[in-house]
Amino acid sequence: MLIGILYALLSAVLLGVYALPSKYTKGFAWENTWGGFFFFGMFVIPIIVTFSLVNDIWGIYAQIPSWVFFTMFGLSFCWGIGNMLWGYSIDSIGMALAFSLFLGIITSIDTVLPLIFVPEGQESVIGTRIGNIMLIGIAVIVLGIAVNGYAGILRDKSKRKESKRDKKTMMRGILFCVLGALCATGFNLSYHTGNNLGKIGEVAELQFGNPPWIARLAVLLPIFMGATISTMLFYGYRLTKNKTWGNYKKAGAITAIVLVILMAVFHDAALVIYGLAAYHLGELGTSVGFAILETGAIMVATLNGVLTKEWSGASKKSKTILGVSLALLILGVLIIANGNYMKIQESEQVAYLMSMKL
């Protein structure tokens, strides 16, 4: 279990820093940076890496029922839409509130549903002692995310950088953020469908001899392809509407493109390592691993904000609340990690008793 937690933390670090280069893509409009990121991160890199490393990718997919891929495509298409809606909501309600709302909803849904929808032959932990511990840990994490968002709101007010927004704009921003979060839950649910229910990773590993981390690339590829469709349609429209295609030809564009590719590499590496984390964390991996991933990413992103002086000049109260939020996030992770450890112990005991009967 320990190696699974370490993988989850490493993926969280990469996910927490992947957007940092976007601050330095000079000469690029918003759609240039993020359109390029999605193009490389969802399409170019996954295709090159997967077809280069995975043994007989088409042979693997031939073993999987078609409903698995239809479900994965649909969920990942929604994931792409969710990320775009979230981007729009930031302008309306501010980064702090948008970040806390978005991740709070995603974390609560994407860590609970995998506990309910389990592979055939397994029993859900919901309603059991272990399940109750997991739910308490998830609740503490969501509370920590909410407190983290409140700290960000207080910081903005204390620094007098919060723009005046009318009620209609705020309500529209909150609506976009909530809808975006609901759609963005598609990533982990798509991964759970492909890896846990469809057994793509297991087939790639056991039947085709791929190492665990390479086998998970076969799970991720359909997810990336679904998101590629929704994101490329949107960013193609934005680039055309704002006439910003030409920014890719301006002086300094090569440096900006390199930074965008770096963002994509960090992001994709985080998701591949997350797949390894879920694998090593056992039956509850897509729940526990995702909670650690999101929580760790928030803490790393917060640290980035501190190091880049986003919190300089903030009030003492906002900094104190920030510290409380980080403590809650750490506590929540420890609680769900303990629940996962108990589940692993229980599974090992059952396996031992079954072997004794044989």
# chains A, B, ... in the order shown; residues from 1 in each chain; ligands from 1
call {"tool": "residues_around", "arguments": {"residues": "region 229-239 of chain A", "least_positions_apart": "6", "cutoff": "10 Å", "atoms": "only C-alpha atoms", "output": "list in words"}}
result
Ala29, Trp30, Glu31, Asn32, Trp34, Gly35, Gly36, Phe38, Phe39, Met42, Phe43, Phe73, Ser76, Phe77, Cys78, Trp79, Gly80, Ile81, Gly82, Asn83, Met84, Trp245, Gly246 and Asn247 of chain A
call {"tool": "residues_around", "arguments": {"residues": "region 203-211 of chain A", "least_positions_apart": "5", "cutoff": "12 Å", "atoms": "only C-alpha atoms", "output": "ChimeraX atom specification"}}
result
/A:50,53-64,194-198,216-219,276,279
call {"tool": "residues_around", "arguments": {"residues": "Leu326 (chain A)", "least_positions_apart": "6", "cutoff": "10 Å", "atoms": "only C-alpha atoms", "output": "PyMOL selection string"}}
result
chain A and resi 141+144-145+147-148+295-296+298-299+302+332
call {"tool": "residues_around", "arguments": {"residues": "Ile138 (chain A)", "least_positions_apart": "2", "cutoff": "12 Å", "atoms": "only C-alpha atoms", "output": "MDAnalysis selection string"}}
result
chainID A and resid 104:113 115 131:136 140:145 287:292 294:295 328:337 339
call {"tool": "closest_residue", "arguments": {"among": "A:Ala181, A:Met72, A:Ala139, A:Met263", "to": "Thr33 (chain A)", "atoms": "only C-alpha atoms"}}
result
A:Met263
call {"tool": "atom_distance", "arguments": {"atom1": "CA of Gly74 (chain A)", "atom2": "CA of His192 (chain A)"}}
result
13.3 Å
call {"tool": "select_by_dssp", "arguments": {"residues": "region 37-245 of chain A", "states": "helix (DSSP H, G or I)", "output": "ChimeraX atom specification"}}
result
/A:37-53,57-62,66-93,95-116,129-158,167-184,186-197,200-207,212-241,245
call {"tool": "residues_around", "arguments": {"residues": "His267 (chain A)", "least_positions_apart": "5", "cutoff": "9 Å", "atoms": "only C-alpha atoms", "output": "ChimeraX atom specification"}}
result
/A:11,14-19,41,262,272
call {"tool": "closest_residue", "arguments": {"among": "A:Phe266, A:Phe102, A:Trp67, A:Tyr24", "to": "Ile45 (chain A)", "atoms": "only C-alpha atoms"}}
result
A:Phe266
call {"tool": "residues_around", "arguments": {"residues": "Pro65 (chain A)", "least_positions_apart": "5", "cutoff": "10 Å", "atoms": "only C-alpha atoms", "output": "tab-separated table (two decimals) with C-alpha atoms, in the first residue's frame"}}
result
chain	number	residue	atom	x	y	z
A	70	PHE	CA	-18.73	3.74	-25.44
A	198	GLY	CA	-13.66	-3.37	-18.20
A	199	LYS	CA	-10.34	-4.87	-17.00
A	200	ILE	CA	-8.31	-3.23	-19.79
call {"tool": "atom_distance", "arguments": {"atom1": "CA of Ile321 (chain A)", "atom2": "CA of Ala151 (chain A)"}}
result
5.5 Å
call {"tool": "decode", "arguments": {"residues": "region 178-190 of chain A", "atoms": "all heavy atoms", "output": "compact mmCIF listing (two decimals), in the first residue's frame"}}
result
# COMPACT_ATOMS: atom_id res chain seq x y z
N VAL A 178 -20.33 24.57 -11.19
CA VAL A 178 -20.97 23.34 -10.71
C VAL A 178 -21.18 22.36 -11.87
O VAL A 178 -20.87 21.16 -11.77
CB VAL A 178 -22.31 23.65 -10.01
CG1 VAL A 178 -23.07 22.37 -9.71
CG2 VAL A 178 -22.06 24.42 -8.73
N LEU A 179 -21.70 22.87 -12.99
CA LEU A 179 -21.89 22.01 -14.17
C LEU A 179 -20.55 21.47 -14.67
O LEU A 179 -20.45 20.30 -15.05
CB LEU A 179 -22.58 22.80 -15.28
CG LEU A 179 -24.06 23.14 -15.07
CD1 LEU A 179 -24.58 24.00 -16.22
CD2 LEU A 179 -24.90 21.88 -14.93
N GLY A 180 -19.52 22.34 -14.65
CA GLY A 180 -18.20 21.92 -15.07
C GLY A 180 -17.65 20.82 -14.19
O GLY A 180 -17.06 19.84 -14.68
N ALA A 181 -17.85 20.96 -12.88
CA ALA A 181 -17.37 19.94 -11.95
C ALA A 181 -18.09 18.61 -12.16
O ALA A 181 -17.47 17.54 -12.13
CB ALA A 181 -17.56 20.43 -10.51
N LEU A 182 -19.40 18.67 -12.38
CA LEU A 182 -20.17 17.45 -12.61
C LEU A 182 -19.67 16.74 -13.88
O LEU A 182 -19.55 15.52 -13.90
CB LEU A 182 -21.66 17.77 -12.73
CG LEU A 182 -22.36 18.24 -11.45
CD1 LEU A 182 -23.79 18.68 -11.74
CD2 LEU A 182 -22.33 17.15 -10.38
N CYS A 183 -19.39 17.54 -14.92
CA CYS A 183 -18.87 16.95 -16.16
C CYS A 183 -17.46 16.40 -15.97
O CYS A 183 -17.11 15.34 -16.50
CB CYS A 183 -18.87 18.00 -17.28
SG CYS A 183 -20.51 18.45 -17.89
N ALA A 184 -16.64 17.13 -15.21
CA ALA A 184 -15.23 16.76 -15.05
C ALA A 184 -15.04 15.50 -14.22
O ALA A 184 -13.95 14.92 -14.23
CB ALA A 184 -14.44 17.92 -14.44
N THR A 185 -16.08 15.08 -13.51
CA THR A 185 -15.98 13.80 -12.80
C THR A 185 -15.81 12.65 -13.79
O THR A 185 -15.48 11.53 -13.41
CB THR A 185 -17.23 13.53 -11.93
OG1 THR A 185 -18.39 13.54 -12.78
CG2 THR A 185 -17.39 14.59 -10.86
N GLY A 186 -16.03 12.96 -15.08
CA GLY A 186 -15.93 11.93 -16.10
C GLY A 186 -14.57 11.27 -16.19
O GLY A 186 -14.49 10.10 -16.59
N PHE A 187 -13.49 11.98 -15.82
CA PHE A 187 -12.17 11.35 -15.95
C PHE A 187 -12.04 10.13 -15.06
O PHE A 187 -11.75 9.02 -15.53
CB PHE A 187 -11.04 12.33 -15.62
CG PHE A 187 -9.71 11.63 -15.48
CD1 PHE A 187 -9.04 11.19 -16.61
CD2 PHE A 187 -9.17 11.34 -14.23
CE1 PHE A 187 -7.84 10.49 -16.51
CE2 PHE A 187 -7.98 10.64 -14.11
CZ PHE A 187 -7.31 10.23 -15.26
N ASN A 188 -12.23 10.30 -13.77
CA ASN A 188 -12.01 9.17 -12.86
C ASN A 188 -13.06 8.09 -13.07
O ASN A 188 -12.75 6.89 -12.96
CB ASN A 188 -12.04 9.64 -11.40
CG ASN A 188 -11.42 8.62 -10.46
OD1 ASN A 188 -10.35 8.08 -10.72
ND2 ASN A 188 -12.10 8.33 -9.36
N LEU A 189 -14.30 8.48 -13.40
CA LEU A 189 -15.33 7.48 -13.66
C LEU A 189 -15.01 6.71 -14.93
O LEU A 189 -15.27 5.50 -15.02
CB LEU A 189 -16.70 8.16 -13.77
CG LEU A 189 -17.19 8.84 -12.48
CD1 LEU A 189 -18.54 9.50 -12.72
CD2 LEU A 189 -17.27 7.85 -11.32
N SER A 190 -14.45 7.40 -15.93
CA SER A 190 -14.04 6.72 -17.16
C SER A 190 -12.89 5.76 -16.87
O SER A 190 -12.87 4.62 -17.38
CB SER A 190 -13.61 7.76 -18.21
OG SER A 190 -13.29 7.14 -19.42
